[in-house]
>>> print(open('query_10.tsv').read())   # TSV, C-alpha atoms and all ligand atoms
chain	number	residue	atom	x	y	z
A	10	MET	CA	-11.08	-23.11	-0.63
A	11	ASN	CA	-7.45	-22.11	-1.18
A	12	GLN	CA	-6.85	-18.43	-0.66
A	13	THR	CA	-4.16	-15.82	-1.27
A	14	ILE	CA	-3.08	-14.42	2.08
A	15	VAL	CA	-0.70	-11.47	2.55
A	16	VAL	CA	0.64	-10.97	6.08
A	17	LYS	CA	2.56	-7.85	7.09
A	18	ILE	CA	4.52	-7.73	10.32
A	19	GLY	CA	5.86	-4.46	11.71
A	20	THR	CA	9.10	-3.70	13.51
A	21	SER	CA	7.19	-3.20	16.77
A	22	SER	CA	6.13	-6.88	16.73
A	23	LEU	CA	9.40	-8.29	15.38
A	24	THR	CA	11.70	-6.73	17.89
A	25	ASN	CA	11.79	-6.14	21.60
A	26	PRO	CA	11.25	-2.38	21.95
A	27	SER	CA	13.61	-1.96	24.91
A	28	THR	CA	16.58	-4.00	23.66
A	29	GLY	CA	16.03	-3.90	19.89
A	30	ASN	CA	16.67	-7.67	19.84
A	31	LEU	CA	14.52	-9.95	17.71
A	32	ALA	CA	11.30	-11.25	19.30
A	33	LEU	CA	12.23	-14.83	18.50
A	34	SER	CA	9.14	-16.56	19.86
A	35	THR	CA	6.84	-14.25	17.86
A	36	ILE	CA	8.82	-14.86	14.69
A	37	ALA	CA	8.91	-18.62	15.26
A	38	GLY	CA	5.16	-18.68	15.92
A	39	LEU	CA	4.51	-16.71	12.74
A	40	VAL	CA	6.75	-19.02	10.72
A	41	GLU	CA	4.78	-22.04	12.00
A	42	VAL	CA	1.42	-20.48	11.14
A	43	LEU	CA	2.49	-19.37	7.67
A	44	SER	CA	4.02	-22.77	6.91
A	45	ARG	CA	0.78	-24.49	7.98
A	46	LEU	CA	-1.31	-22.17	5.81
A	47	ARG	CA	0.98	-22.86	2.86
A	48	ALA	CA	0.89	-26.64	3.47
A	49	ALA	CA	-2.91	-26.44	3.44
A	50	GLY	CA	-2.71	-25.17	-0.14
A	51	ASN	CA	-2.98	-21.40	0.32
A	52	ASN	CA	-0.77	-18.83	-1.40
A	53	VAL	CA	1.11	-17.07	1.38
A	54	ILE	CA	3.15	-13.87	1.12
A	55	LEU	CA	4.96	-12.27	4.08
A	56	VAL	CA	5.75	-8.56	4.02
A	57	THR	CA	8.28	-7.92	6.74
A	58	SER	CA	9.67	-4.74	8.25
A	59	GLY	CA	12.65	-4.79	10.55
A	60	ALA	CA	15.67	-4.18	8.31
A	61	VAL	CA	16.42	-0.82	9.92
A	62	GLY	CA	15.52	-1.99	13.45
A	63	VAL	CA	17.62	-5.18	13.22
A	64	GLY	CA	20.48	-3.28	11.55
A	65	CYS	CA	20.48	-0.77	14.42
A	66	ALA	CA	20.60	-3.56	17.01
A	67	ARG	CA	23.48	-5.21	15.13
A	68	LEU	CA	25.44	-1.95	15.03
A	69	GLY	CA	24.58	-0.90	18.59
A	70	LEU	CA	22.60	2.18	17.55
A	71	ASN	CA	19.84	2.99	19.99
A	72	GLU	CA	17.62	5.07	17.77
A	73	ARG	CA	16.43	5.04	14.15
A	74	PRO	CA	18.96	7.06	12.08
A	75	ARG	CA	17.60	10.28	10.57
A	76	ASN	CA	20.28	10.66	7.94
A	77	ILE	CA	19.04	8.94	4.78
A	78	ALA	CA	22.37	7.45	3.69
A	79	VAL	CA	22.97	6.05	7.19
A	80	LYS	CA	19.45	4.60	7.31
A	81	GLN	CA	19.99	2.95	3.94
A	82	ALA	CA	23.32	1.54	5.08
A	83	VAL	CA	21.80	0.23	8.32
A	84	ALA	CA	18.95	-1.41	6.35
A	85	ALA	CA	21.54	-3.24	4.25
A	86	VAL	CA	23.03	-4.68	7.46
A	87	GLY	CA	19.65	-5.61	8.93
A	88	GLN	CA	17.99	-7.10	5.84
A	89	GLY	CA	20.57	-9.86	5.52
A	90	ARG	CA	20.29	-10.79	9.18
A	91	LEU	CA	16.50	-10.76	9.02
A	92	MET	CA	16.46	-13.13	6.04
A	93	ARG	CA	18.97	-15.40	7.73
A	94	VAL	CA	16.63	-15.77	10.72
A	95	TYR	CA	13.59	-16.40	8.51
A	96	ASP	CA	15.45	-18.89	6.35
A	97	ASP	CA	16.70	-20.86	9.38
A	98	LEU	CA	13.20	-21.09	10.86
A	99	PHE	CA	11.32	-21.82	7.62
A	100	THR	CA	13.96	-24.34	6.56
A	101	SER	CA	13.48	-26.29	9.78
A	102	LEU	CA	9.86	-26.74	8.64
A	103	GLN	CA	10.94	-27.61	5.04
A	104	GLN	CA	9.27	-24.46	3.76
A	105	PRO	CA	11.18	-22.71	0.94
A	106	ILE	CA	11.21	-18.91	0.98
A	107	ALA	CA	12.40	-16.15	-1.36
A	108	GLN	CA	13.54	-12.60	-0.75
A	109	VAL	CA	11.67	-10.01	-2.85
A	110	LEU	CA	12.86	-6.41	-2.42
A	111	LEU	CA	10.69	-3.85	-4.16
A	112	THR	CA	10.83	-0.11	-4.75
A	113	ARG	CA	7.90	2.06	-5.76
A	114	SER	CA	9.37	2.42	-9.26
A	115	ASP	CA	8.98	-1.34	-9.78
A	116	LEU	CA	5.22	-0.86	-9.90
A	117	VAL	CA	5.08	2.41	-11.87
A	118	GLN	CA	5.93	1.11	-15.32
A	119	ARG	CA	3.20	-1.21	-16.59
A	120	SER	CA	5.70	-3.76	-17.96
A	121	ARG	CA	7.57	-3.92	-14.62
A	122	TYR	CA	4.28	-4.18	-12.73
A	123	ILE	CA	3.28	-7.16	-14.85
A	124	ASN	CA	6.76	-8.61	-14.46
A	125	ALA	CA	6.52	-8.34	-10.66
A	126	HIS	CA	3.12	-10.04	-10.83
A	127	ASN	CA	4.50	-12.89	-12.93
A	128	THR	CA	7.47	-13.43	-10.63
A	129	PHE	CA	5.19	-13.65	-7.59
A	130	ALA	CA	2.91	-16.05	-9.48
A	131	ALA	CA	5.87	-18.29	-10.38
A	132	LEU	CA	7.15	-18.31	-6.78
A	133	LEU	CA	3.71	-19.19	-5.42
A	134	LYS	CA	3.33	-21.96	-7.98
A	135	LEU	CA	6.65	-23.37	-6.81
A	136	GLY	CA	5.26	-23.55	-3.27
A	137	VAL	CA	7.55	-20.76	-2.04
A	138	ILE	CA	6.60	-18.11	0.54
A	139	PRO	CA	7.90	-14.79	-0.86
A	140	ILE	CA	9.25	-12.52	1.89
A	141	VAL	CA	8.89	-8.91	0.79
A	142	ASN	CA	10.41	-5.67	2.04
A	143	GLU	CA	11.06	-2.28	0.53
A	144	ASN	CA	14.48	-2.16	-1.08
A	145	ASP	CA	15.52	0.45	1.48
A	146	THR	CA	19.16	0.46	0.44
A	147	VAL	CA	18.51	1.80	-3.05
A	148	ALA	CA	15.05	3.41	-2.81
A	149	ILE	CA	15.13	7.16	-3.36
A	150	GLU	CA	12.90	9.43	-1.33
A	151	GLU	CA	10.61	10.50	-4.20
A	152	LEU	CA	10.02	6.92	-5.27
A	153	LYS	CA	9.49	5.10	-2.01
A	154	PHE	CA	6.52	3.25	-0.64
A	155	GLY	CA	7.75	4.86	2.59
A	156	ASP	CA	6.12	2.35	4.87
A	157	ASN	CA	5.44	-1.35	4.70
A	158	ASP	CA	1.72	-1.01	5.44
A	159	THR	CA	1.31	0.69	2.05
A	160	LEU	CA	3.73	-1.72	0.41
A	161	SER	CA	1.75	-4.72	1.71
A	162	ALA	CA	-1.53	-3.24	0.44
A	163	ARG	CA	-0.05	-2.70	-3.00
A	164	VAL	CA	1.30	-6.25	-3.05
A	165	ALA	CA	-2.13	-7.55	-1.97
A	166	SER	CA	-3.73	-5.49	-4.76
A	167	LEU	CA	-1.16	-6.68	-7.32
A	168	LEU	CA	-1.87	-10.31	-6.40
A	169	GLU	CA	-5.66	-9.89	-6.02
A	170	ALA	CA	-5.31	-11.38	-2.55
A	171	ASP	CA	-8.26	-12.53	-0.48
A	172	TRP	CA	-6.78	-11.34	2.83
A	173	LEU	CA	-4.32	-8.77	4.12
A	174	PHE	CA	-3.30	-9.13	7.78
A	175	LEU	CA	-1.53	-6.12	9.32
A	176	LEU	CA	0.21	-7.44	12.44
A	177	THR	CA	1.18	-4.79	14.95
A	178	ASP	CA	1.67	-4.17	18.69
A	179	VAL	CA	-1.96	-3.32	19.49
A	180	ASP	CA	-4.82	-5.83	19.29
A	181	ARG	CA	-6.96	-3.68	16.99
A	182	LEU	CA	-7.85	-0.17	15.91
A	183	TYR	CA	-9.29	2.12	18.59
A	184	SER	CA	-11.14	5.42	18.42
A	185	ALA	CA	-7.81	7.03	19.50
A	186	ASP	CA	-4.30	5.83	20.37
A	187	PRO	CA	-4.91	3.57	23.39
A	188	ARG	CA	-1.46	4.44	24.76
A	189	SER	CA	-2.35	8.06	25.30
A	190	HIS	CA	-6.16	7.60	25.56
A	191	PRO	CA	-6.88	4.67	27.94
A	192	ASP	CA	-10.63	5.21	27.46
A	193	ALA	CA	-10.39	4.80	23.63
A	194	GLN	CA	-13.11	2.53	22.22
A	195	PRO	CA	-12.24	-0.61	20.21
A	196	ILE	CA	-13.44	-0.78	16.61
A	197	THR	CA	-14.20	-4.28	15.35
A	198	LEU	CA	-15.73	-3.80	11.91
A	199	VAL	CA	-15.31	-1.11	9.25
A	200	THR	CA	-17.67	-1.63	6.33
A	201	HIS	CA	-16.36	1.41	4.44
A	202	ILE	CA	-13.23	3.35	5.27
A	203	ASP	CA	-15.07	6.69	5.23
A	204	GLN	CA	-16.84	5.47	8.38
A	205	LEU	CA	-13.61	6.28	10.26
A	206	ALA	CA	-13.96	9.98	9.51
A	207	GLU	CA	-17.56	9.83	10.77
A	208	LEU	CA	-16.39	8.07	13.95
A	209	GLU	CA	-13.63	10.71	14.23
A	210	VAL	CA	-10.96	8.06	14.75
A	211	GLN	CA	-7.65	9.62	15.75
A	212	THR	CA	-4.46	7.98	14.60
A	213	GLY	CA	-1.66	10.40	15.44
A	214	ASP	CA	1.01	10.77	12.82
A	215	ARG	CA	3.71	8.41	13.97
A	216	GLY	CA	4.11	4.94	15.34
A	217	SER	CA	6.03	3.52	18.24
A	218	GLN	CA	9.78	4.20	18.62
A	219	TRP	CA	10.75	1.78	15.85
A	220	GLY	CA	7.56	1.70	13.76
A	221	THR	CA	7.14	4.03	10.80
A	222	GLY	CA	3.65	5.25	10.26
A	223	GLY	CA	1.54	4.21	13.25
A	224	MET	CA	-2.16	3.64	12.62
A	225	MET	CA	-2.40	6.28	9.91
A	226	THR	CA	-0.49	4.19	7.39
A	227	LYS	CA	-2.46	1.07	8.35
A	228	ILE	CA	-5.71	2.84	7.56
A	229	ALA	CA	-4.26	4.14	4.27
A	230	ALA	CA	-3.26	0.53	3.51
A	231	ALA	CA	-6.75	-0.73	4.37
A	232	ARG	CA	-8.19	1.84	1.95
A	233	ILE	CA	-5.98	0.62	-0.91
A	234	ALA	CA	-6.51	-3.06	-0.16
A	235	THR	CA	-10.29	-2.95	0.37
A	236	ALA	CA	-10.74	-0.86	-2.78
A	237	SER	CA	-8.92	-3.69	-4.58
A	238	GLY	CA	-11.32	-6.26	-3.12
A	239	VAL	CA	-8.98	-7.47	-0.34
A	240	ARG	CA	-10.42	-8.08	3.16
A	241	THR	CA	-8.04	-6.39	5.62
A	242	VAL	CA	-7.52	-7.12	9.32
A	243	ILE	CA	-5.46	-5.25	11.91
A	244	THR	CA	-4.46	-7.59	14.74
A	245	GLU	CA	-1.74	-8.25	17.27
A	246	GLY	CA	1.56	-9.65	16.03
A	247	LYS	CA	2.57	-11.36	19.25
A	248	ASN	CA	-0.25	-13.91	18.77
A	249	PRO	CA	0.32	-15.15	15.20
A	250	GLY	CA	-2.14	-18.01	15.89
A	251	ASN	CA	-4.87	-15.36	15.61
A	252	ILE	CA	-4.45	-15.46	11.83
A	253	GLU	CA	-5.80	-19.02	11.70
A	254	LYS	CA	-8.56	-18.19	14.18
A	255	ILE	CA	-9.63	-15.21	12.08
A	256	LEU	CA	-9.62	-17.31	8.92
A	257	ALA	CA	-11.87	-19.75	10.81
A	258	GLY	CA	-14.32	-16.92	11.50
A	259	GLU	CA	-13.41	-15.72	15.01
A	260	PRO	CA	-14.08	-12.00	15.56
A	261	ILE	CA	-10.53	-10.94	16.49
A	262	GLY	CA	-8.93	-7.59	15.56
A	263	THR	CA	-10.44	-4.90	13.34
A	264	HIS	CA	-11.89	-6.09	10.04
A	265	PHE	CA	-12.18	-3.84	6.99
A	266	GLU	CA	-14.64	-5.23	4.48
A	267	PRO	CA	-13.60	-5.40	0.82
A	268	GLN	CA	-15.40	-3.01	-1.51
A	269	PRO	CA	-17.69	-4.68	-4.05
A	270	GLN	CA	-16.23	-3.37	-7.33
A	271	PRO	CA	-12.47	-3.61	-7.29
A	272	GLY	CA	-12.07	-2.87	-11.04
A	273	ASN	CA	-9.83	-4.69	-13.49
A	274	ALA	CA	-6.07	-5.22	-13.16
A	275	ARG	CA	-5.15	-2.29	-15.41
A	276	LYS	CA	-7.38	0.12	-13.48
A	277	ARG	CA	-5.86	-1.08	-10.19
A	278	TRP	CA	-2.44	-0.33	-11.63
A	279	ILE	CA	-3.56	3.18	-12.58
A	280	ALA	CA	-5.04	3.74	-9.11
A	281	TYR	CA	-2.31	2.18	-6.96
A	282	GLY	CA	0.75	1.51	-9.11
A	283	LEU	CA	1.33	4.88	-10.71
A	284	VAL	CA	2.75	7.95	-8.98
A	285	PRO	CA	0.83	11.11	-9.99
A	286	CYS	CA	3.03	13.87	-11.45
A	287	GLY	CA	0.52	16.72	-11.32
A	288	LYS	CA	-3.02	17.90	-10.63
A	289	ILE	CA	-5.79	18.96	-12.97
A	290	TYR	CA	-8.64	20.99	-11.46
A	291	LEU	CA	-12.10	20.53	-12.98
A	292	ASP	CA	-15.29	22.56	-13.04
A	293	GLN	CA	-18.48	21.05	-11.59
A	294	GLY	CA	-19.74	19.94	-15.01
A	295	ALA	CA	-16.60	17.90	-15.66
A	296	VAL	CA	-16.70	16.45	-12.12
A	297	ASN	CA	-20.28	15.24	-12.75
A	298	ALA	CA	-19.41	13.89	-16.22
A	299	ILE	CA	-16.56	11.81	-14.79
A	300	ALA	CA	-17.89	10.80	-11.39
A	301	LYS	CA	-21.55	10.29	-12.22
A	302	ALA	CA	-21.78	9.63	-15.97
A	303	GLY	CA	-18.52	7.68	-16.42
A	304	LYS	CA	-17.32	9.98	-19.24
A	305	SER	CA	-13.80	10.87	-20.41
A	306	LEU	CA	-12.23	14.21	-19.41
A	307	LEU	CA	-12.33	16.93	-22.10
A	308	ALA	CA	-10.28	20.13	-22.15
A	309	ALA	CA	-13.42	22.26	-21.79
A	310	GLY	CA	-13.92	21.18	-18.14
A	311	ILE	CA	-10.39	22.05	-16.96
A	312	THR	CA	-9.94	25.20	-14.86
A	313	GLN	CA	-6.33	24.88	-13.68
A	314	VAL	CA	-3.23	22.74	-14.22
A	315	GLU	CA	-0.64	22.22	-11.49
A	316	GLY	CA	2.80	20.57	-11.72
A	317	GLU	CA	4.90	19.58	-14.70
A	318	PHE	CA	4.11	16.38	-16.52
A	319	HIS	CA	4.40	14.74	-19.90
A	320	ASN	CA	1.88	13.04	-22.12
A	321	SER	CA	1.18	9.50	-20.69
A	322	ASP	CA	2.06	10.48	-17.10
A	323	ALA	CA	-0.38	9.86	-14.24
A	324	VAL	CA	-2.30	12.85	-12.82
A	325	GLN	CA	-4.81	13.53	-10.08
A	326	LEU	CA	-8.14	14.98	-11.17
A	327	CYS	CA	-9.50	17.33	-8.50
A	328	ASP	CA	-12.78	19.14	-7.89
A	329	THR	CA	-13.00	22.88	-7.32
A	330	THR	CA	-11.96	22.45	-3.65
A	331	GLY	CA	-8.82	20.50	-4.58
A	332	ARG	CA	-10.18	17.12	-3.42
A	333	GLU	CA	-8.99	14.24	-5.60
A	334	ILE	CA	-11.95	12.64	-7.38
A	335	ALA	CA	-10.06	10.44	-9.84
A	336	ARG	CA	-6.68	9.47	-11.24
A	337	GLY	CA	-5.77	8.85	-14.81
A	338	ILE	CA	-3.20	8.76	-17.58
A	339	VAL	CA	-3.12	12.06	-19.42
A	340	ASN	CA	-2.94	12.51	-23.21
A	341	TYR	CA	-1.27	15.95	-23.08
A	342	SER	CA	1.71	17.50	-21.31
A	343	SER	CA	1.14	20.19	-18.66
A	344	SER	CA	2.35	22.93	-21.02
A	345	GLU	CA	-0.05	21.81	-23.76
A	346	LEU	CA	-2.92	21.61	-21.27
A	347	LYS	CA	-2.32	25.15	-20.05
A	348	LYS	CA	-2.94	26.31	-23.63
A	349	ILE	CA	-6.10	24.29	-24.23
A	350	GLN	CA	-7.76	24.31	-20.78
A	351	GLY	CA	-11.37	25.49	-20.93
A	352	ARG	CA	-11.46	25.19	-24.74
A	353	GLN	CA	-13.61	22.99	-26.99
A	354	SER	CA	-12.00	19.85	-28.49
A	355	VAL	CA	-12.51	21.19	-32.04
A	356	GLU	CA	-10.28	24.18	-31.24
A	357	ILE	CA	-7.29	22.10	-30.12
A	358	THR	CA	-5.60	21.66	-33.52
A	359	ALA	CA	-5.72	25.40	-34.21
A	360	ILE	CA	-4.40	26.33	-30.73
A	361	LEU	CA	-1.53	23.82	-30.64
A	362	GLY	CA	-0.73	23.90	-34.37
A	363	TYR	CA	-1.00	20.10	-34.59
A	364	PRO	CA	-3.81	17.61	-34.03
A	365	GLY	CA	-4.11	16.11	-30.56
A	366	ALA	CA	-6.24	13.49	-28.82
A	367	GLU	CA	-9.93	14.28	-28.48
A	368	THR	CA	-9.91	13.50	-24.77
A	369	VAL	CA	-7.50	14.76	-22.10
A	370	VAL	CA	-7.96	11.56	-20.07
A	371	HIS	CA	-9.87	8.74	-21.75
A	372	ARG	CA	-12.34	6.93	-19.50
A	373	ASP	CA	-10.47	3.63	-20.05
A	374	ASN	CA	-7.45	5.30	-18.42
A	375	LEU	CA	-9.37	6.89	-15.57
A	376	VAL	CA	-10.19	5.50	-12.12
A	377	LEU	CA	-12.46	7.18	-9.58
A	378	SER	CA	-10.91	7.67	-6.14
A	379	ASN	CA	-12.83	6.37	-3.18
B	1	LIG	N1	-6.45	4.85	16.80
B	1	LIG	C1	-5.45	4.01	17.14
B	1	LIG	N2	-5.72	2.71	17.47
B	1	LIG	C2	-4.72	1.86	17.79
B	1	LIG	N3	-3.39	2.21	17.82
B	1	LIG	C3	-3.05	3.48	17.50
B	1	LIG	C4	-4.07	4.43	17.14
B	1	LIG	N4	-3.45	5.60	16.84
B	1	LIG	C5	-2.12	5.40	16.99
B	1	LIG	N5	-1.85	4.12	17.39
B	1	LIG	C6	-0.48	3.61	17.64
B	1	LIG	O1	-0.01	2.90	16.51
B	1	LIG	C7	1.01	2.01	16.96
B	1	LIG	C8	1.31	0.95	15.91
B	1	LIG	O2	1.99	1.52	14.82
B	1	LIG	P1	3.54	1.22	14.48
B	1	LIG	O3	4.37	1.48	15.70
B	1	LIG	O4	3.88	1.95	13.24
B	1	LIG	O5	3.48	-0.35	14.29
B	1	LIG	P2	4.18	-1.34	13.27
B	1	LIG	O6	5.64	-1.34	13.59
B	1	LIG	O7	3.48	-2.60	13.59
B	1	LIG	O8	3.88	-0.84	11.87
B	1	LIG	C9	0.44	1.47	18.24
B	1	LIG	O9	1.43	1.06	19.12
B	1	LIG	C10	-0.40	2.63	18.81
B	1	LIG	O10	0.28	3.28	19.86
B	2	LIG	N1	11.44	-1.16	5.24
B	2	LIG	C1	11.58	-0.76	6.64
B	2	LIG	C2	10.25	-0.81	7.34
B	2	LIG	C3	9.44	0.41	7.26
B	2	LIG	C4	8.13	0.25	8.05
B	2	LIG	O1	7.04	0.46	7.53
B	2	LIG	O2	8.23	-0.19	9.35
B	2	LIG	P1	6.96	-0.59	10.28
B	2	LIG	O3	6.16	0.64	10.59
B	2	LIG	O4	7.58	-1.18	11.48
B	2	LIG	O5	6.15	-1.58	9.52
B	2	LIG	C5	12.48	-1.75	7.40
B	2	LIG	O6	12.57	-2.93	7.00
B	2	LIG	O7	13.04	-1.33	8.40
>>> encode(input="query_10.tsv", output="structure tokens", more="lines below")
Ligand SMILES: Nc1ncnc2c1ncn2[C@@H]1O[C@H](COP(=O)(O)OP(=O)(O)O)[C@@H](O)[C@H]1O
Ligand SMILES: N[C@@H](CCC(=O)OP(=O)(O)O)C(=O)O
Amino acid sequence: MNQTIVVKIGTSSLTNPSTGNLALSTIAGLVEVLSRLRAAGNNVILVTSGAVGVGCARLGLNERPRNIAVKQAVAAVGQGRLMRVYDDLFTSLQQPIAQVLLTRSDLVQRSRYINAHNTFAALLKLGVIPIVNENDTVAIEELKFGDNDTLSARVASLLEADWLFLLTDVDRLYSADPRSHPDAQPITLVTHIDQLAELEVQTGDRGSQWGTGGMMTKIAAARIATASGVRTVITEGKNPGNIEKILAGEPIGTHFEPQPQPGNARKRWIAYGLVPCGKIYLDQGAVNAIAKAGKSLLAAGITQVEGEFHNSDAVQLCDTTGREIARGIVNYSSSELKKIQGRQSVEITAILGYPGAETVVHRDNLVLSN
């Protein structure tokens, strides 16, 4: 059966950590594997990091710049070189590719989200392998994916992919960072992401010298992808042939099983496309109504409103402890909600002086967090 396969490769696999030069044999091996998968009739998407790393090597910088403008400038240098290398290698195998640079804001607006989906669909239909990276040169801090693990998960969710492969410089997830904990235990299968908290898996908060998020962002990516129905695998980038072995059923890397009810495309957009602008805290009755009975949120169940947002913005719905239980599109602004929180729906017109929606977040615009 033909499948949709998203592969993400990190800077740590693409470049030699000591010299910053490209790991040519790894890249060539990956190009061969992806071209074979495409020729076999699969839809293949590559999410590649490396713009900043390659840009630094080109400019002789020996560490990742901290200054944002410099980092964005360096990414502009590196992205072109990276695509040149990919295009040379894919072209020698007669495989057409396309550069797709995304920012977080491209997925926030529903029309742009659908547009991105349609462009990917057209490229795949043309037999092209889209090569995706964050548009680092123009992305602004507040509207960034921030790391390519998250970006690849959102792309996999957008495309309803069957597989997401996160290629990195370790062979799988361990109970702790194997670099600093040589006795860390390998983890081969995660049936639900919350298992990791039970196993007390430690991820640290940063990656290798050139990587961005370390294991933490890979687990966050696995959460997004599996909740969207995408099987996710963390495996080593220097052996790209593992992708085909895994597809053939070999137990390599760490597998995260897809969750059974990924929801429809619009709900996935609400959950993973939108950027929440504020928080609404709920009492226990409202939490039960939403989480257990699948009801809409009414003003009566709101105890506190945090942040400034407008009608139609995305918000997080939190329980009394502040834990996010759902996300949704709100029918009132934060200033309106502060006036009507805790009040019955029939009182709203009198309080605001004009009629408003009966629900604060309608259940069609609400997605439970997992
Ligand atoms: N629990 C863990 N299991 C495996 N690796 C871990 C873990 N916690 C932290 N790491 C570190 O994460 C690194 C990979 O992340 P990163 O450098 O960001 O890679 P990439 O560039 O591929 O995104 C590994 O080299 C490893 O040292
Ligand atoms: N967009 C950035 C990559 C950011 C990133 O997530 O890097 P990595 O942790 O190596 O996957 C770049 O191309 O340098």
>>> axis_aligned_box(input="query_10.tsv", around="ligand LIG 2 (chain B)", padding_each_side="4 Å", output="JSON")
{"center_x": 9.6, "center_y": -1.1, "center_z": 8.4, "size_x": 14.9, "size_y": 11.6, "size_z": 14.2}
>>> closest_atom_pairs(input="query_10.tsv", of="chain A", to="ligand LIG 1 (chain B)", cutoff="6 Å", atoms="all atoms listed in the file", output="JSON lines")
{"residue": "A:Gly19", "atom": "CA", "partner": "B:LIG1", "partner_atom": "O7", "distance": 3.6}
{"residue": "A:Thr20", "atom": "CA", "partner": "B:LIG1", "partner_atom": "O6", "distance": 4.2}
{"residue": "A:Ser21", "atom": "CA", "partner": "B:LIG1", "partner_atom": "O6", "distance": 4.0}
{"residue": "A:Ser22", "atom": "CA", "partner": "B:LIG1", "partner_atom": "O7", "distance": 5.9}
{"residue": "A:Leu176", "atom": "CA", "partner": "B:LIG1", "partner_atom": "O7", "distance": 6.0}
{"residue": "A:Thr177", "atom": "CA", "partner": "B:LIG1", "partner_atom": "O7", "distance": 3.5}
{"residue": "A:Asp178", "atom": "CA", "partner": "B:LIG1", "partner_atom": "O9", "distance": 5.3}
{"residue": "A:Val179", "atom": "CA", "partner": "B:LIG1", "partner_atom": "C9", "distance": 5.5}
{"residue": "A:Leu182", "atom": "CA", "partner": "B:LIG1", "partner_atom": "N2", "distance": 3.9}
{"residue": "A:Tyr183", "atom": "CA", "partner": "B:LIG1", "partner_atom": "N2", "distance": 3.8}
{"residue": "A:Ser184", "atom": "CA", "partner": "B:LIG1", "partner_atom": "N1", "distance": 5.0}
{"residue": "A:Ala185", "atom": "CA", "partner": "B:LIG1", "partner_atom": "N1", "distance": 3.7}
{"residue": "A:Asp186", "atom": "CA", "partner": "B:LIG1", "partner_atom": "C4", "distance": 3.5}
{"residue": "A:Pro187", "atom": "CA", "partner": "B:LIG1", "partner_atom": "C2", "distance": 5.9}
{"residue": "A:Arg188", "atom": "CA", "partner": "B:LIG1", "partner_atom": "O10", "distance": 5.3}
{"residue": "A:Val210", "atom": "CA", "partner": "B:LIG1", "partner_atom": "N1", "distance": 5.9}
{"residue": "A:Gln211", "atom": "CA", "partner": "B:LIG1", "partner_atom": "N1", "distance": 5.0}
{"residue": "A:Thr212", "atom": "CA", "partner": "B:LIG1", "partner_atom": "N4", "distance": 3.4}
{"residue": "A:Gly213", "atom": "CA", "partner": "B:LIG1", "partner_atom": "C5", "distance": 5.3}
{"residue": "A:Gly216", "atom": "CA", "partner": "B:LIG1", "partner_atom": "O3", "distance": 3.5}
{"residue": "A:Ser217", "atom": "CA", "partner": "B:LIG1", "partner_atom": "O3", "distance": 3.7}
{"residue": "A:Gly220", "atom": "CA", "partner": "B:LIG1", "partner_atom": "O6", "distance": 3.6}
{"residue": "A:Thr221", "atom": "CA", "partner": "B:LIG1", "partner_atom": "O4", "distance": 4.6}
{"residue": "A:Gly222", "atom": "CA", "partner": "B:LIG1", "partner_atom": "O4", "distance": 4.5}
{"residue": "A:Gly223", "atom": "CA", "partner": "B:LIG1", "partner_atom": "O2", "distance": 3.1}
{"residue": "A:Met224", "atom": "CA", "partner": "B:LIG1", "partner_atom": "O1", "distance": 4.5}
>>> residues_near_ligand(input="query_10.tsv", ligand="ligand LIG 2 (chain B)", cutoff="8 Å", atoms="only C-alpha atoms and all ligand atoms", output="PyMOL selection string")
chain A and resi 17-22+57-63+84+87-88+142-145+155-159+216+219-223
>>> atom_distance(input="query_10.tsv", atom1="atom CA of Leu173 of chain A", atom2="atom CA of Gly250 of chain A")
15.1 Å
>>> atom_distance(input="query_10.tsv", atom1="atom CA of Asp97 of chain A", atom2="atom CA of Val137 of chain A")
14.6 Å
>>> residues_around(input="query_10.tsv", residues="Ile360 of chain A", least_positions_apart="5", cutoff="10 Å", atoms="only C-alpha atoms", output="mmCIF file with C-alpha atoms, in the coordinates of the input")
data_model
loop_
_atom_site.group_PDB
_atom_site.id
_atom_site.type_symbol
_atom_site.label_atom_id
_atom_site.label_comp_id
_atom_site.auth_asym_id
_atom_site.auth_seq_id
_atom_site.Cartn_x
_atom_site.Cartn_y
_atom_site.Cartn_z
ATOM 1 C CA GLU A 345 -0.050 21.810 -23.760
ATOM 2 C CA LYS A 348 -2.940 26.310 -23.630
ATOM 3 C CA ILE A 349 -6.100 24.290 -24.230
ATOM 4 C CA ARG A 352 -11.460 25.190 -24.740
ATOM 5 C CA VAL A 355 -12.510 21.190 -32.040
#
>>> residues_near_point(input="query_10.tsv", point="(-9.3, 4.5, -18.0)", cutoff="9 Å", atoms="all atoms listed in the file", output="ChimeraX atom specification")
/A:275-276,279,305,336-338,370-376
>>> residues_around(input="query_10.tsv", residues="Leu135 of chain A", least_positions_apart="3", cutoff="12 Å", atoms="all atoms listed in the file", output="ChimeraX atom specification")
/A:47,50,52-53,104-107,128-132,138-139
>>> atom_distance(input="query_10.tsv", atom1="atom CA of Gly351 of chain A", atom2="atom CA of Thr368 of chain A")
12.7 Å
>>> residues_around(input="query_10.tsv", residues="Leu152 of chain A", least_positions_apart="4", cutoff="8 Å", atoms="all atoms listed in the file", output="list of chain:residue names")
A:Thr112, A:Arg113, A:Ser114, A:Ala148
>>> closest_residue(input="query_10.tsv", among="A:Asp192, A:Glu253, A:Asp203, A:Glu266", to="Gly38 of chain A", atoms="only C-alpha atoms")
A:Glu253
>>> closest_residue(input="query_10.tsv", among="A:Ser321, A:Thr100, A:Asn297, A:Ser237", to="Trp172 of chain A", atoms="all atoms listed in the file")
A:Ser237
>>> residues_near_point(input="query_10.tsv", point="(-8.7, 9.7, -7.1)", cutoff="7 Å", atoms="only C-alpha atoms", output="list of chain:residue names")
A:Gln325, A:Leu326, A:Glu333, A:Ile334, A:Ala335, A:Arg336, A:Val376, A:Leu377, A:Ser378, A:Asn379
